[in-house]
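A quick write-up on the structure given underneath.
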Amino acid sequence: MNEITLMTPAKINLSIDVTGRLENGYHTVEMIMQSIDLCDTVIVEKRQRGISISCSERYVPRDQRNIAWQAAEAFFSMSPEKGGAHITLQKRIPVAAGLAGGSTNAAGVLKALNMLYGKPFNIAGLIQISRKLGADVAFCLRGGTQLARGIGDDLTPLPDLKGVYVVLVKPPFPVSTPWVYKNLKLDDLGERPDTEGIMSAIEARNIGFIASHMRNVLESVTVKAHPELSDLMNKLLEYGAIGSRMSGSGPTVFGLFDDLERASFAKKELLKDYQQVFLSETIGRGDVVW
Ligand code: ATP
């Protein structure tokens with residue numbers, strides 16, 4: 001086997017709470033993360049040595065700055081077998097959007113290299129390597145529905161919440177995650193999520209409760225700076241979403257729908273004003289196929 005092709009899924013956040021700030025500047029969080037079927041394609045080819053990247057998206061770096069490159073570098077630094085890789089990224093997940101696009105590519109590269117180089121690591125080993133790359137990579141390695149605590153990499157699997165329609169809108173500007181955390185005021189987070197309540201609703205598959213209780217404290221920074229995101233969430237509700245929030249540090253906002261026709265209608269209407277609108281579906285751990 002010399003080459004592996006993977007579909008690497010994006011995530012949304014059904015809730016984000018920030019519970020503190022550590023001395024090293026990291027924040028502690030409590031969030032419920034959910035994989036969706038909006039995917040990038042990642043092709044990893046075995047090479048004798050060296051790392052190279054080609055990418056369909058012109059604004060994504062093709063060198064050491066690419067987190068997929070860093071994933072390959074981290075893999076080879078820990079793996080008993082040395083080697084190289086050429087990585088092809090076909091991007092569909094919007095960039096700098098709060099959907100973990102880079103992190104999911106990195107997780108895909110780790111899994112692909114592990115398979116190409118004789119499985120030197122189990123999943124715990126890959127998660128250990130992913131700690132160098134960023135907190136979301138651990139979630140992307142596992143996928144499905146997960147409670148993330150600590151700095152975001154302490155994961156507890158929750159029952160799969162599959163088959164919920166999600167309409168996503170990425171407004172035409174990027175948002176930097178470090179900028180959002182730098183501007184976050186812990187004493188002014190706005191309404192905090194009822195994480196326990198949402199977890200019980202996931203257990204009971206009570207989509208109505210989940211949709212109406214989703215909260216994201218990072219909106220206190222991003223939506224304040226870009227108030228049009230609030231209008232966009234209201235628009236999604238007008239078009240029939242049963243709940244709407246910002247994903248991650250934004251600027252993507254999403255609506256949950258229990259009806260495909262309404263979700264398709266919302267997408268059609270939003271495409272009149274926005275270029276990047278997606279109709280997607282939540283997927284389970286087992287659907288994160290590697
Ligand atoms: P998260 O939700 O994990 O914070 P995000 O969706 O907000 O991630 P990304 O799409 O991962 O953000 O992009 C963040 C930055 O990382 C961008 O400036 C982008 O240029 C850079 N980047 C590096 N590697 C990649 C990659 N493989 N795909 C997308 N962006 C990448």
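Chain labels run A, B, ... following the order of the structure tokens; each chain numbers its residues from 1, and ligands are numbered from 1 in the order shown.
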
When the cut-off is 9 Å and you count only C-alpha atoms and all ligand atoms, which residues lie near ligand 1, shown as a PyMOL selection string? chain A and resi 10-12+40+55+57+59-70+89+91+93-106+134-137+174-178+247-252

Kindly export the residues of the current selection with C-alpha atoms, as a short mmCIF file (atom, residue, chain, number, x, y, z; two decimals), in the first residue's frame.
```cif
data_model
loop_
_atom_site.label_atom_id
_atom_site.label_comp_id
_atom_site.auth_asym_id
_atom_site.auth_seq_id
_atom_site.Cartn_x
_atom_site.Cartn_y
_atom_site.Cartn_z
CA ALA A 10 -15.62 19.18 9.85
CA LYS A 11 -17.08 19.75 13.31
CA ILE A 12 -19.59 22.10 14.85
CA ASP A 40 -12.12 17.66 2.86
CA CYS A 55 -3.70 22.07 -1.99
CA GLU A 57 -7.26 26.29 -1.79
CA TYR A 59 -4.88 30.80 0.70
CA VAL A 60 -3.78 27.68 2.56
CA PRO A 61 0.02 27.43 3.03
CA ARG A 62 1.83 24.50 1.38
CA ASP A 63 4.84 24.43 3.71
CA GLN A 64 5.63 23.92 7.42
CA ARG A 65 2.84 26.37 8.27
CA ASN A 66 0.27 23.82 7.11
CA ILE A 67 -0.97 21.78 10.08
CA ALA A 68 -1.12 18.68 7.83
CA TRP A 69 2.64 19.11 7.26
CA GLN A 70 3.19 19.53 11.00
CA LEU A 89 -5.62 18.47 0.24
CA LYS A 91 -10.53 21.63 0.57
CA ILE A 93 -14.39 23.01 4.54
CA PRO A 94 -14.08 26.82 4.67
CA VAL A 95 -10.76 28.06 6.08
CA ALA A 96 -10.43 29.94 9.40
CA ALA A 97 -14.12 29.36 9.91
CA GLY A 98 -14.53 27.64 13.31
CA LEU A 99 -15.06 24.22 11.69
CA ALA A 100 -11.67 22.62 12.54
CA GLY A 101 -10.75 22.34 8.86
CA GLY A 102 -7.00 22.25 9.49
CA SER A 103 -7.28 20.01 12.55
CA THR A 104 -9.30 17.39 10.69
CA ASN A 105 -6.72 17.33 7.87
CA ALA A 106 -4.00 16.80 10.51
CA GLY A 134 -3.60 21.69 18.69
CA ALA A 135 -6.45 20.67 20.95
CA ASP A 136 -9.06 20.03 18.20
CA VAL A 137 -6.95 17.30 16.52
CA PRO A 174 -11.95 34.95 8.45
CA VAL A 175 -11.72 34.95 12.25
CA SER A 176 -8.53 34.03 14.07
CA THR A 177 -9.04 31.71 17.04
CA PRO A 178 -6.07 33.19 19.03
CA SER A 247 -19.43 27.31 15.56
CA GLY A 248 -16.09 27.46 17.40
CA SER A 249 -14.60 30.95 17.36
CA GLY A 250 -16.59 31.71 14.21
CA PRO A 251 -17.44 33.27 11.92
CA THR A 252 -19.45 30.29 10.58
#
```

Where does DSSP see alpha helix (DSSP H) in region 116-155 of chain A, if you list the residues as a PyMOL selection string? chain A and resi 116+123-130+135-142

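Computed from the coordinates, the CA of Phe257 (chain A) to CA of Glu269 (chain A) distance equals 14.8 Å.
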
Which residues of region 95-177 of chain A come within 12 Å of region 205-214 of chain A, and what is each one's closest atom pair and distance in Å (one decimal), counting only C-alpha atoms, sorted by chain and residue number, as JSON lines?
```
{"residue": "A:Leu158", "atom": "CA", "partner": "A:Arg205", "partner_atom": "CA", "distance": 11.2}
{"residue": "A:Pro159", "atom": "CA", "partner": "A:Arg205", "partner_atom": "CA", "distance": 8.8}
{"residue": "A:Asp160", "atom": "CA", "partner": "A:Arg205", "partner_atom": "CA", "distance": 9.1}
{"residue": "A:Leu161", "atom": "CA", "partner": "A:Arg205", "partner_atom": "CA", "distance": 7.1}
{"residue": "A:Lys162", "atom": "CA", "partner": "A:Arg205", "partner_atom": "CA", "distance": 9.5}
{"residue": "A:Gly163", "atom": "CA", "partner": "A:Ile207", "partner_atom": "CA", "distance": 10.6}
{"residue": "A:Val164", "atom": "CA", "partner": "A:Ile207", "partner_atom": "CA", "distance": 8.1}
{"residue": "A:Tyr165", "atom": "CA", "partner": "A:Ile207", "partner_atom": "CA", "distance": 10.8}
{"residue": "A:Val166", "atom": "CA", "partner": "A:Ala211", "partner_atom": "CA", "distance": 10.9}
```

Which residues, written as number ranges by chain, have at least one atom at most 12 Å from Arg285 (chain A), with only C-alpha atoms counted and residues fewer than 5 positions away on the same chain left out? A: 9, 33-37, 139-146, 157-162, 290

Any idea what's packed within 7 Å of Ser15 (chain A), counting only C-alpha atoms, ignoring anything in its chain fewer than 5 positions away? Could you give it as number ranges by chain? A: 31-32, 193, 214-216

Atoms kept (all heavy atoms) for selection, written as a CSV table (one decimal), in the first residue's frame:
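The result, stored in selection_27.csv:
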```
chain,number,residue,atom,x,y,z
A,31,MET,N,-16.9,21.8,26.2
A,31,MET,CA,-17.7,21.9,25.0
A,31,MET,C,-18.2,20.6,24.4
A,31,MET,O,-17.6,19.6,24.6
A,31,MET,CB,-16.9,22.7,23.9
A,31,MET,CG,-15.5,22.3,23.7
A,31,MET,SD,-14.7,23.5,22.6
A,31,MET,CE,-13.2,22.6,22.3
A,32,ILE,N,-19.3,20.7,23.7
A,32,ILE,CA,-19.8,19.5,23.1
A,32,ILE,C,-19.6,19.6,21.6
A,32,ILE,O,-20.0,20.6,21.0
A,32,ILE,CB,-21.3,19.3,23.4
A,32,ILE,CG1,-21.5,19.1,24.9
A,32,ILE,CG2,-21.9,18.0,22.7
A,32,ILE,CD1,-22.9,19.0,25.4
A,193,PRO,N,-23.7,27.8,28.7
A,193,PRO,CA,-24.5,26.7,28.4
A,193,PRO,C,-24.8,25.7,29.5
A,193,PRO,O,-24.0,25.7,30.5
A,193,PRO,CB,-23.6,25.9,27.3
A,193,PRO,CG,-22.2,26.4,27.6
A,193,PRO,CD,-22.3,27.7,28.2
A,214,MET,N,-28.5,25.4,22.8
A,214,MET,CA,-27.1,25.6,22.4
A,214,MET,C,-26.6,27.0,22.8
A,214,MET,O,-27.3,27.9,22.6
A,214,MET,CB,-27.0,25.4,20.9
A,214,MET,CG,-27.4,24.0,20.4
A,214,MET,SD,-27.0,23.9,18.6
A,214,MET,CE,-28.1,25.0,17.8
A,215,ARG,N,-25.4,27.1,23.4
A,215,ARG,CA,-24.8,28.4,23.7
A,215,ARG,C,-23.3,28.3,23.4
A,215,ARG,O,-22.7,27.3,23.5
A,215,ARG,CB,-24.9,28.7,25.2
A,215,ARG,CG,-26.4,28.8,25.7
A,215,ARG,CD,-27.1,30.1,25.3
A,215,ARG,NE,-28.4,30.1,25.8
A,215,ARG,CZ,-29.5,29.6,25.2
A,215,ARG,NH1,-29.4,29.0,24.0
A,215,ARG,NH2,-30.7,29.7,25.7
A,216,ASN,N,-22.8,29.5,23.0
A,216,ASN,CA,-21.3,29.5,22.7
A,216,ASN,C,-20.8,30.8,23.3
A,216,ASN,O,-21.1,31.9,22.7
A,216,ASN,CB,-21.1,29.5,21.2
A,216,ASN,CG,-19.7,29.6,20.8
A,216,ASN,OD1,-18.8,29.9,21.6
A,216,ASN,ND2,-19.4,29.4,19.5
```

In region 254-284 of chain A, DSSP strand (DSSP E or B) residues written as a list in words: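 Residues meeting the strand (DSSP E or B) criterion: Phe254, Gly255, Leu256, Phe257, Gln276, Val277, Phe278, Leu279, Ser280, Glu281 and Thr282 of chain A.
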
Now that the selection is made, can you save its residues with all heavy atoms as a PDB file, in the first residue's frame?
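Result saved to again.pdb:
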```pdb
ATOM      1  N   PHE A 254     -24.481  28.283  12.170  1.00  0.00           N
ATOM      2  CA  PHE A 254     -25.218  27.132  11.647  1.00  0.00           C
ATOM      3  C   PHE A 254     -26.598  27.083  12.276  1.00  0.00           C
ATOM      4  O   PHE A 254     -26.836  27.636  13.355  1.00  0.00           O
ATOM      5  CB  PHE A 254     -24.460  25.813  11.922  1.00  0.00           C
ATOM      6  CG  PHE A 254     -24.348  25.481  13.388  1.00  0.00           C
ATOM      7  CD1 PHE A 254     -25.317  24.699  14.010  1.00  0.00           C
ATOM      8  CD2 PHE A 254     -23.293  25.955  14.161  1.00  0.00           C
ATOM      9  CE1 PHE A 254     -25.231  24.399  15.366  1.00  0.00           C
ATOM     10  CE2 PHE A 254     -23.195  25.658  15.510  1.00  0.00           C
ATOM     11  CZ  PHE A 254     -24.167  24.878  16.110  1.00  0.00           C
ATOM     12  N   GLY A 255     -27.507  26.420  11.574  1.00  0.00           N
ATOM     13  CA  GLY A 255     -28.832  26.149  12.123  1.00  0.00           C
ATOM     14  C   GLY A 255     -29.068  24.654  12.098  1.00  0.00           C
ATOM     15  O   GLY A 255     -28.625  23.971  11.174  1.00  0.00           O
ATOM     16  N   LEU A 256     -29.739  24.130  13.128  1.00  0.00           N
ATOM     17  CA  LEU A 256     -30.150  22.722  13.129  1.00  0.00           C
ATOM     18  C   LEU A 256     -31.577  22.640  12.597  1.00  0.00           C
ATOM     19  O   LEU A 256     -32.428  23.474  12.937  1.00  0.00           O
ATOM     20  CB  LEU A 256     -30.115  22.141  14.551  1.00  0.00           C
ATOM     21  CG  LEU A 256     -28.765  22.073  15.258  1.00  0.00           C
ATOM     22  CD1 LEU A 256     -28.905  21.285  16.563  1.00  0.00           C
ATOM     23  CD2 LEU A 256     -27.688  21.467  14.386  1.00  0.00           C
ATOM     24  N   PHE A 257     -31.829  21.639  11.771  1.00  0.00           N
ATOM     25  CA  PHE A 257     -33.148  21.455  11.159  1.00  0.00           C
ATOM     26  C   PHE A 257     -33.602  20.014  11.388  1.00  0.00           C
ATOM     27  O   PHE A 257     -32.799  19.093  11.295  1.00  0.00           O
ATOM     28  CB  PHE A 257     -33.085  21.709   9.642  1.00  0.00           C
ATOM     29  CG  PHE A 257     -32.898  23.169   9.283  1.00  0.00           C
ATOM     30  CD1 PHE A 257     -31.657  23.775   9.391  1.00  0.00           C
ATOM     31  CD2 PHE A 257     -33.977  23.922   8.829  1.00  0.00           C
ATOM     32  CE1 PHE A 257     -31.484  25.108   9.061  1.00  0.00           C
ATOM     33  CE2 PHE A 257     -33.819  25.257   8.498  1.00  0.00           C
ATOM     34  CZ  PHE A 257     -32.569  25.860   8.621  1.00  0.00           C
ATOM     35  N   GLN A 276     -20.770  30.998   0.534  1.00  0.00           N
ATOM     36  CA  GLN A 276     -20.428  29.733   1.193  1.00  0.00           C
ATOM     37  C   GLN A 276     -21.552  29.285   2.126  1.00  0.00           C
ATOM     38  O   GLN A 276     -21.600  29.660   3.306  1.00  0.00           O
ATOM     39  CB  GLN A 276     -19.109  29.889   1.946  1.00  0.00           C
ATOM     40  CG  GLN A 276     -17.920  29.984   0.981  1.00  0.00           C
ATOM     41  CD  GLN A 276     -16.613  30.032   1.737  1.00  0.00           C
ATOM     42  OE1 GLN A 276     -16.311  31.011   2.422  1.00  0.00           O
ATOM     43  NE2 GLN A 276     -15.826  28.989   1.631  1.00  0.00           N
ATOM     44  N   VAL A 277     -22.471  28.526   1.567  1.00  0.00           N
ATOM     45  CA  VAL A 277     -23.596  27.970   2.326  1.00  0.00           C
ATOM     46  C   VAL A 277     -23.598  26.456   2.077  1.00  0.00           C
ATOM     47  O   VAL A 277     -23.452  26.020   0.933  1.00  0.00           O
ATOM     48  CB  VAL A 277     -24.940  28.571   1.860  1.00  0.00           C
ATOM     49  CG1 VAL A 277     -26.089  28.046   2.714  1.00  0.00           C
ATOM     50  CG2 VAL A 277     -24.907  30.099   1.895  1.00  0.00           C
ATOM     51  N   PHE A 278     -23.749  25.683   3.140  1.00  0.00           N
ATOM     52  CA  PHE A 278     -23.653  24.225   3.010  1.00  0.00           C
ATOM     53  C   PHE A 278     -24.838  23.582   3.720  1.00  0.00           C
ATOM     54  O   PHE A 278     -25.233  24.025   4.798  1.00  0.00           O
ATOM     55  CB  PHE A 278     -22.371  23.701   3.659  1.00  0.00           C
ATOM     56  CG  PHE A 278     -21.124  24.376   3.150  1.00  0.00           C
ATOM     57  CD1 PHE A 278     -20.648  25.550   3.747  1.00  0.00           C
ATOM     58  CD2 PHE A 278     -20.432  23.873   2.053  1.00  0.00           C
ATOM     59  CE1 PHE A 278     -19.514  26.188   3.271  1.00  0.00           C
ATOM     60  CE2 PHE A 278     -19.294  24.502   1.572  1.00  0.00           C
ATOM     61  CZ  PHE A 278     -18.834  25.667   2.176  1.00  0.00           C
ATOM     62  N   LEU A 279     -25.367  22.536   3.101  1.00  0.00           N
ATOM     63  CA  LEU A 279     -26.355  21.693   3.782  1.00  0.00           C
ATOM     64  C   LEU A 279     -25.649  20.395   4.135  1.00  0.00           C
ATOM     65  O   LEU A 279     -25.131  19.696   3.258  1.00  0.00           O
ATOM     66  CB  LEU A 279     -27.560  21.439   2.867  1.00  0.00           C
ATOM     67  CG  LEU A 279     -28.578  20.395   3.341  1.00  0.00           C
ATOM     68  CD1 LEU A 279     -29.048  20.660   4.763  1.00  0.00           C
ATOM     69  CD2 LEU A 279     -29.777  20.372   2.396  1.00  0.00           C
ATOM     70  N   SER A 280     -25.604  20.112   5.422  1.00  0.00           N
ATOM     71  CA  SER A 280     -24.823  18.984   5.895  1.00  0.00           C
ATOM     72  C   SER A 280     -25.671  18.170   6.874  1.00  0.00           C
ATOM     73  O   SER A 280     -26.822  18.517   7.149  1.00  0.00           O
ATOM     74  CB  SER A 280     -23.571  19.559   6.561  1.00  0.00           C
ATOM     75  OG  SER A 280     -22.781  18.564   7.098  1.00  0.00           O
ATOM     76  N   GLU A 281     -25.080  17.107   7.400  1.00  0.00           N
ATOM     77  CA  GLU A 281     -25.797  16.236   8.332  1.00  0.00           C
ATOM     78  C   GLU A 281     -24.834  15.795   9.426  1.00  0.00           C
ATOM     79  O   GLU A 281     -23.648  15.597   9.147  1.00  0.00           O
ATOM     80  CB  GLU A 281     -26.259  15.004   7.549  1.00  0.00           C
ATOM     81  CG  GLU A 281     -27.551  14.433   8.032  1.00  0.00           C
ATOM     82  CD  GLU A 281     -28.009  13.291   7.121  1.00  0.00           C
ATOM     83  OE1 GLU A 281     -28.357  13.557   5.958  1.00  0.00           O
ATOM     84  OE2 GLU A 281     -27.993  12.147   7.592  1.00  0.00           O
ATOM     85  N   THR A 282     -25.329  15.653  10.641  1.00  0.00           N
ATOM     86  CA  THR A 282     -24.445  15.159  11.708  1.00  0.00           C
ATOM     87  C   THR A 282     -24.132  13.683  11.466  1.00  0.00           C
ATOM     88  O   THR A 282     -24.970  12.942  10.954  1.00  0.00           O
ATOM     89  CB  THR A 282     -25.101  15.318  13.090  1.00  0.00           C
ATOM     90  OG1 THR A 282     -26.353  14.608  13.097  1.00  0.00           O
ATOM     91  CG2 THR A 282     -25.357  16.780  13.422  1.00  0.00           C
TER      92      THR A 282
END
```

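Interatomic distance, CA of Leu189 (chain A) to CA of Lys132 (chain A): 28.2 Å.
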
Determine, counting only C-alpha atoms, which protein, DNA and RNA residues have an atom within 9 Å of an atom of region 111-116 of chain A; residues of the same chain fewer than 3 positions away are not included. Present the result as an MDAnalysis selection string. chainID A and resid 1:6 42:46 72 75:76 79 85 106:108 119:123 126 141 290

Those residues with C-alpha atoms, as a compact mmCIF listing (two decimals), in the first residue's frame please?
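This is the output file out.txt:
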```txt
# COMPACT_ATOMS: atom_id res chain seq x y z
CA MET A 1 0.00 0.00 0.00
CA ASN A 2 1.52 3.30 -1.12
CA GLU A 3 -1.37 5.75 -1.01
CA ILE A 4 -4.47 6.34 1.13
CA THR A 5 -7.43 8.63 0.44
CA LEU A 6 -9.52 9.81 3.38
CA VAL A 42 -6.90 14.08 2.03
CA ILE A 43 -4.64 11.87 -0.10
CA VAL A 44 -1.41 10.70 1.51
CA GLU A 45 1.30 9.07 -0.65
CA LYS A 46 4.30 7.31 0.82
CA ALA A 72 3.46 14.38 9.22
CA PHE A 75 4.41 11.42 13.16
CA PHE A 76 7.89 10.78 11.75
CA SER A 79 7.61 6.72 14.62
CA ALA A 85 4.91 11.77 2.41
CA ALA A 106 -4.00 16.80 10.51
CA ALA A 107 -5.96 13.94 12.09
CA GLY A 108 -6.39 12.37 8.65
CA LYS A 119 0.44 0.81 12.41
CA PRO A 120 3.18 1.66 14.92
CA PHE A 121 0.61 3.52 17.09
CA ASN A 122 -2.81 2.76 18.53
CA ILE A 123 -5.40 5.57 18.80
CA LEU A 126 -1.93 9.09 17.82
CA LEU A 141 -9.15 11.60 15.57
CA TRP A 290 -10.49 5.96 7.81
```

Show which residues sit within 10 Å of Leu229 (chain A), as a ChimeraX atom specification. Count only C-alpha atoms, and ignore same-chain residues fewer than 4 positions away. /A:169-171,219,222-225,233-235,245-246,250-253
